[in-house]
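Participant: Have a look at this one before I ask anything.
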Amino acid sequence: MSSPDLTVRNLTSNTVHVKHYETHESRTNGISTSNLKSLSSFWSTSVTSEPPRSTLEDVSVVIEPLQIGTASVRTAKPPQETISIVFEIKGHLYQSNIIKPTVQSQILLPLTPDAPRDHSVVYHPQHHHLTVLSHSNPSSWMRHIGDAIPLSALSIPGTHNSPTYHRALPSVRCQVAPVRDQLAQGVRFLDIRVQPESPLDPTKDTLNLVHAVFPISLTGQKRFRPLVEEVLSFLEKNPSETIIMSVKREGPGNATDAQLSRILRDHYAGDVNKWFTAPRIPSLGEARGKIVLVRRFTLEERLKNEWAGAGWCIDADTWADNTPNSLCPSGDLCIQDFYEVLETENIEKKIQYSIDHLKRAAKCVCPSPDSGTKQPFYINFLTASNFWKQSCWPDKIAAKLNPAIVDFLCTKHNMSEDDCGIGDGSTGIVVCDWIGADGDWSIVDCILGYNAKFTTKK
């Protein structure tokens, strides 16, 4: 039986030319992992005592931005074979190697002098499908997008319980990378849970970072203030960017939502040059260089009069619990946050709920600035846990859920009008656990790839 053609999906704003591929047949089963840098490992072709046999095949297929094509590239038979595919992008030549029968994510290896390392690929062997993604300066990816685009139209990577990367109880820790690394890799939504330490004293501003009733570190309290300073420092260095920050009160103690709102307003978010606190979704131009505050708490009475009586911050206070799909009463957020995965069998249900929400986001069309149409944030939590079951702790669920979503985003998202309708194909805000493990940020690259449509909308 002949091998199927390779499906190539171009999720960039550049034309991709698949030029040729070369098959290397090794004389040994050994695989070296020393030269080619990927997002999750280092790969190279086999190293043997005898030179490998190789065959060069011309392909010459051009795939326009945001399009799909097929190329006469057969499947590899690792570890006996390696297939090297050569691309031309923006006048530069790049190479991708297929060397193992598992999903592979790698930064394209430049073959021409001074070529930027600004593209990556994800290969899915079960589909013989390769997705080309932009990997250009993820610390400032928003600079390519026009000011008039509303934040809710963008595909935004996020993290759940973002600062919980410290040594902690296994079910409390949700992240492996510090917040500074998350931001540098393109994350633009942070999920923060806090508990006021001295809520009755209006002069005190201490907020402890928590996850449910637990501290986020076993080595001492971690505070909200240094986190905010780190985010603002990032924005000062990258003024084209914005960070959406969702804040919720959790933890032990008797503090109230009203007290939390007072502390945030009086001690943190009073500077309109650094914080966007209007009760609506801003355009990217309005939000650049600022933290956009999403509140998951009720307001102190006086704050209900802010912004000419409209209130304070984007209102996510009434957030349906454990929901597969719910629109907040404010109309500003549509949520998938089904988190009660009590048994491993329920992970498949969680995956389907997450895919369904991606499809909802994909149907939306970015409204024109003067249309008066509201496009809500589609917030999609790829997160769940069961404290009492080790196989359902955050890292274990992420190990199954994140690859399933990468597979969907690469091979199926916004592909079928029956499923997604005719829309912009946005992913919405995708909130993840345990990203960046072993240097693998492929889910972030996949999400960011769906912003290519807006890079021409200036």
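Chain labels A, B, ... are given in the sequence in which chains occur in the structure tokens; within each chain residues are numbered consecutively from 1, and ligands are likewise numbered from 1 in the order shown.
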Show me, as an mmCIF file with all heavy atoms, in the first residue's frame, the residues that have an atom within 12 Å of Ala308 in chain A when counting only C-alpha atoms, minus same-chain residues fewer than 5 positions from it.
Facilitator:
data_model
loop_
_atom_site.group_PDB
_atom_site.id
_atom_site.type_symbol
_atom_site.label_atom_id
_atom_site.label_comp_id
_atom_site.auth_asym_id
_atom_site.auth_seq_id
_atom_site.Cartn_x
_atom_site.Cartn_y
_atom_site.Cartn_z
ATOM 1 N N ALA A 278 -11.903 49.601 33.711
ATOM 2 C CA ALA A 278 -13.270 49.869 33.250
ATOM 3 C C ALA A 278 -14.031 48.552 33.162
ATOM 4 O O ALA A 278 -13.445 47.507 32.869
ATOM 5 C CB ALA A 278 -13.244 50.558 31.890
ATOM 6 N N PRO A 279 -15.345 48.572 33.404
ATOM 7 C CA PRO A 279 -16.137 47.329 33.410
ATOM 8 C C PRO A 279 -16.566 46.913 32.008
ATOM 9 O O PRO A 279 -17.759 46.710 31.737
ATOM 10 C CB PRO A 279 -17.332 47.698 34.290
ATOM 11 C CG PRO A 279 -17.519 49.158 34.077
ATOM 12 C CD PRO A 279 -16.140 49.730 33.876
ATOM 13 N N ARG A 302 -18.895 51.470 47.609
ATOM 14 C CA ARG A 302 -18.442 52.703 46.959
ATOM 15 C C ARG A 302 -17.893 52.443 45.562
ATOM 16 O O ARG A 302 -17.963 53.293 44.678
ATOM 17 C CB ARG A 302 -17.397 53.416 47.808
ATOM 18 C CG ARG A 302 -16.056 52.699 47.907
ATOM 19 C CD ARG A 302 -15.057 53.450 48.777
ATOM 20 N NE ARG A 302 -13.852 52.686 49.016
ATOM 21 C CZ ARG A 302 -12.729 52.825 48.322
ATOM 22 N NH1 ARG A 302 -12.653 53.718 47.343
ATOM 23 N NH2 ARG A 302 -11.664 52.087 48.615
ATOM 24 N N LEU A 303 -17.358 51.239 45.317
ATOM 25 C CA LEU A 303 -16.757 50.945 44.016
ATOM 26 C C LEU A 303 -17.804 50.682 42.941
ATOM 27 O O LEU A 303 -17.489 50.703 41.753
ATOM 28 C CB LEU A 303 -15.804 49.749 44.127
ATOM 29 C CG LEU A 303 -14.570 49.971 45.015
ATOM 30 C CD1 LEU A 303 -13.681 48.734 45.007
ATOM 31 C CD2 LEU A 303 -13.788 51.190 44.557
#
Participant: Could you pull the residues within 7 Å of range 184-196 of chain A, counting only C-alpha atoms, minus those fewer than 3 positions along the same chain, as an NGL selection string?
Facilitator: :A and (138-139 or 156-162 or 180-181 or 199 or 206-211 or 242-251 or 255 or 260 or 444)
Participant: Please produce an output containing N, CA, C and O atoms for each residue in the selection, written as a compact mmCIF listing (two decimals), in the first residue's frame.
Facilitator:
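Everything below was put into part-v7.txt:
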# COMPACT_ATOMS: atom_id res chain seq x y z
N PRO A 138 7.94 35.50 21.15
CA PRO A 138 6.69 35.35 21.89
C PRO A 138 6.53 36.34 23.04
O PRO A 138 5.41 36.57 23.50
N SER A 139 7.61 36.97 23.47
CA SER A 139 7.50 37.95 24.55
C SER A 139 6.81 39.23 24.09
O SER A 139 6.37 40.03 24.92
N ILE A 156 -5.59 33.56 23.03
CA ILE A 156 -4.70 33.96 24.13
C ILE A 156 -4.37 32.75 25.00
O ILE A 156 -5.27 32.13 25.58
N PRO A 157 -3.08 32.42 25.15
CA PRO A 157 -2.69 31.37 26.09
C PRO A 157 -2.77 31.89 27.52
O PRO A 157 -2.41 33.04 27.80
N GLY A 158 -3.24 31.03 28.42
CA GLY A 158 -3.32 31.40 29.82
C GLY A 158 -2.89 30.25 30.71
O GLY A 158 -2.73 29.11 30.27
N THR A 159 -2.69 30.56 31.98
CA THR A 159 -2.35 29.52 32.96
C THR A 159 -3.30 29.58 34.14
O THR A 159 -3.76 30.65 34.54
N HIS A 160 -3.59 28.41 34.68
CA HIS A 160 -4.49 28.23 35.81
C HIS A 160 -3.67 28.24 37.09
O HIS A 160 -2.62 27.61 37.17
N ASN A 161 -4.15 28.99 38.10
CA ASN A 161 -3.37 29.14 39.33
C ASN A 161 -1.91 29.42 38.95
O ASN A 161 -0.98 28.68 39.30
N SER A 162 -1.74 30.52 38.25
CA SER A 162 -0.48 30.82 37.55
C SER A 162 0.77 30.79 38.43
O SER A 162 1.82 30.32 37.97
N ARG A 180 7.38 34.65 35.19
CA ARG A 180 8.22 35.40 34.24
C ARG A 180 8.48 34.59 32.97
O ARG A 180 8.52 35.14 31.87
N ASP A 181 8.67 33.28 33.12
CA ASP A 181 8.89 32.43 31.95
C ASP A 181 7.60 32.26 31.16
O ASP A 181 7.61 32.20 29.93
N PRO A 199 -7.51 42.11 56.74
CA PRO A 199 -8.61 42.77 56.03
C PRO A 199 -9.28 43.90 56.80
O PRO A 199 -9.90 44.77 56.19
N THR A 206 -1.35 43.53 52.35
CA THR A 206 -0.80 42.20 52.13
C THR A 206 -1.86 41.22 51.65
O THR A 206 -2.89 41.02 52.31
N LEU A 207 -1.61 40.60 50.51
CA LEU A 207 -2.46 39.55 49.97
C LEU A 207 -1.60 38.31 49.79
O LEU A 207 -0.57 38.34 49.09
N ASN A 208 -2.00 37.21 50.41
CA ASN A 208 -1.26 35.96 50.30
C ASN A 208 -1.78 35.17 49.09
O ASN A 208 -2.99 35.09 48.85
N LEU A 209 -0.86 34.59 48.34
CA LEU A 209 -1.23 33.75 47.21
C LEU A 209 -1.62 32.37 47.73
O LEU A 209 -0.88 31.75 48.50
N VAL A 210 -2.77 31.89 47.28
CA VAL A 210 -3.30 30.62 47.77
C VAL A 210 -3.87 29.82 46.60
O VAL A 210 -4.09 30.34 45.51
N HIS A 211 -4.13 28.54 46.86
CA HIS A 211 -4.91 27.68 45.97
C HIS A 211 -5.90 26.96 46.86
O HIS A 211 -5.53 26.11 47.65
N THR A 242 -0.30 43.26 26.74
CA THR A 242 -1.19 43.45 27.89
C THR A 242 -1.33 42.12 28.60
O THR A 242 -1.15 41.05 27.98
N ILE A 243 -1.63 42.15 29.88
CA ILE A 243 -1.85 40.94 30.66
C ILE A 243 -3.25 41.00 31.26
O ILE A 243 -3.58 41.95 31.97
N ILE A 244 -4.06 40.00 30.95
CA ILE A 244 -5.37 39.87 31.58
C ILE A 244 -5.17 39.10 32.88
O ILE A 244 -4.62 37.99 32.87
N MET A 245 -5.58 39.69 33.99
CA MET A 245 -5.38 39.07 35.30
C MET A 245 -6.73 38.85 35.96
O MET A 245 -7.44 39.81 36.29
N SER A 246 -7.06 37.61 36.17
CA SER A 246 -8.27 37.23 36.90
C SER A 246 -7.90 37.05 38.37
O SER A 246 -6.96 36.31 38.69
N VAL A 247 -8.61 37.73 39.25
CA VAL A 247 -8.31 37.67 40.69
C VAL A 247 -9.55 37.17 41.43
O VAL A 247 -10.66 37.67 41.23
N LYS A 248 -9.34 36.19 42.30
CA LYS A 248 -10.41 35.59 43.10
C LYS A 248 -9.95 35.47 44.55
O LYS A 248 -8.77 35.22 44.81
N ARG A 249 -10.89 35.64 45.48
CA ARG A 249 -10.58 35.44 46.90
C ARG A 249 -10.79 33.98 47.26
O ARG A 249 -11.85 33.41 47.04
N GLU A 250 -9.75 33.37 47.81
CA GLU A 250 -9.83 32.01 48.34
C GLU A 250 -9.04 31.96 49.64
O GLU A 250 -8.58 32.99 50.14
N GLY A 251 -8.89 30.77 50.18
CA GLY A 251 -8.04 30.60 51.35
C GLY A 251 -8.81 30.64 52.66
O GLY A 251 -10.00 30.94 52.71
N ALA A 255 -11.90 37.12 55.74
CA ALA A 255 -11.97 38.27 54.84
C ALA A 255 -13.15 38.14 53.90
O ALA A 255 -13.62 37.04 53.59
N LEU A 260 -11.48 42.66 49.90
CA LEU A 260 -10.50 42.44 48.84
C LEU A 260 -10.60 43.53 47.78
O LEU A 260 -9.57 44.06 47.34
N VAL A 444 1.18 26.57 23.59
CA VAL A 444 1.17 28.03 23.48
C VAL A 444 1.36 28.45 22.02
O VAL A 444 0.64 29.31 21.51
Participant: Could you give me the residues within range 191-372 of chain A that DSSP places in strand (DSSP E), as a short mmCIF file (atom, residue, chain, number, x, y, z; two decimals) with C-alpha atoms, in the first residue's frame?
Facilitator:
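What follows is the written file selection_38.cif:
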data_model
loop_
_atom_site.label_atom_id
_atom_site.label_comp_id
_atom_site.auth_asym_id
_atom_site.auth_seq_id
_atom_site.Cartn_x
_atom_site.Cartn_y
_atom_site.Cartn_z
CA ASP A 191 -5.33 33.23 37.11
CA ILE A 192 -4.58 34.46 40.64
CA ARG A 193 -6.15 33.41 43.96
CA VAL A 194 -5.49 35.54 47.06
CA GLN A 195 -6.41 35.88 50.72
CA PRO A 196 -6.16 39.26 52.56
CA LEU A 207 -2.46 39.55 49.97
CA ASN A 208 -1.26 35.96 50.30
CA LEU A 209 -1.23 33.75 47.21
CA VAL A 210 -3.30 30.62 47.77
CA HIS A 211 -4.91 27.68 45.97
CA PHE A 214 -3.74 25.94 50.89
CA PRO A 215 -0.67 28.17 50.56
CA ILE A 243 -1.85 40.94 30.66
CA ILE A 244 -5.37 39.87 31.58
CA MET A 245 -5.38 39.07 35.30
CA SER A 246 -8.27 37.23 36.90
CA VAL A 247 -8.31 37.67 40.69
CA LYS A 248 -10.41 35.59 43.10
CA ARG A 249 -10.58 35.44 46.90
CA TRP A 275 -4.28 49.04 35.09
CA PHE A 276 -7.38 48.83 32.91
CA ILE A 291 -2.98 44.83 33.44
CA VAL A 292 -6.62 44.21 32.54
CA LEU A 293 -8.35 43.26 35.77
CA VAL A 294 -11.08 40.61 35.73
CA ARG A 295 -12.75 40.39 39.13
CA ARG A 296 -14.17 37.18 40.55
CA ILE A 314 -14.66 43.31 34.11
CA ASP A 315 -17.35 41.51 36.10
CA SER A 326 -21.96 29.25 30.94
CA LEU A 327 -22.30 32.94 30.09
CA LEU A 333 -17.31 36.06 29.69
CA CYS A 334 -18.40 32.64 28.45
CA ILE A 335 -16.83 29.92 30.60
CA GLN A 336 -15.90 26.24 30.36
#
Participant: Would you mind telling me which residue in A:Thr112, A:Ser120, A:Gln259, A:Asn97 lies nearest to Asn10 in chain A when using only C-alpha atoms?
Facilitator: A:Ser120
Participant: Among range 219-283 of chain A, which residues does DSSP mark as helix (DSSP H, G or I) when it is run on the backbone? Keep the chain and numbering as in the structure and answer as a PyMOL selection string.
Facilitator: chain A and resi 224-237+257-267
Participant: Go through A:Leu133, A:Trp307, A:Glu25, A:Pro178 one by one, measure the shortest atom-to-atom distance of each to Ile443 in chain A using only C-alpha atoms, and give the residue with the smallest value.
Facilitator: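 Using only C-alpha atoms, Ile443 in chain A sits closest to A:Leu133.
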Participant: Rounded to one decimal, what separation in Å do you get between CA of His17 in chain A and CA of Ile405 in chain A?
Facilitator: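 Rounded to one decimal, the two atoms are 26.7 Å apart.
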Participant: Kindly indicate which residue among A:Ser84, A:Pro78, A:Lys90, A:Glu348 lies nearest to Asn14 in chain A, using only C-alpha atoms for the distances.
Facilitator: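 Of A:Ser84, A:Pro78, A:Lys90, A:Glu348, the one nearest Asn14 in chain A, counting only C-alpha atoms, is A:Lys90.
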Participant: Of the candidates A:Val213, A:Asp201, A:Thr373, A:Gly289, which shows the shortest atom-to-atom distance to Leu232 in chain A, using only C-alpha atoms?
Facilitator: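 Closest to Leu232 in chain A of all the choices is A:Gly289.
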Participant: Which of these, A:Leu401, A:Ala177, A:Val341, A:Met142, has the shortest distance to Ser240 in chain A once you count only C-alpha atoms?
Facilitator: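 Among the listed residues, the smallest separation from Ser240 in chain A belongs to A:Met142.
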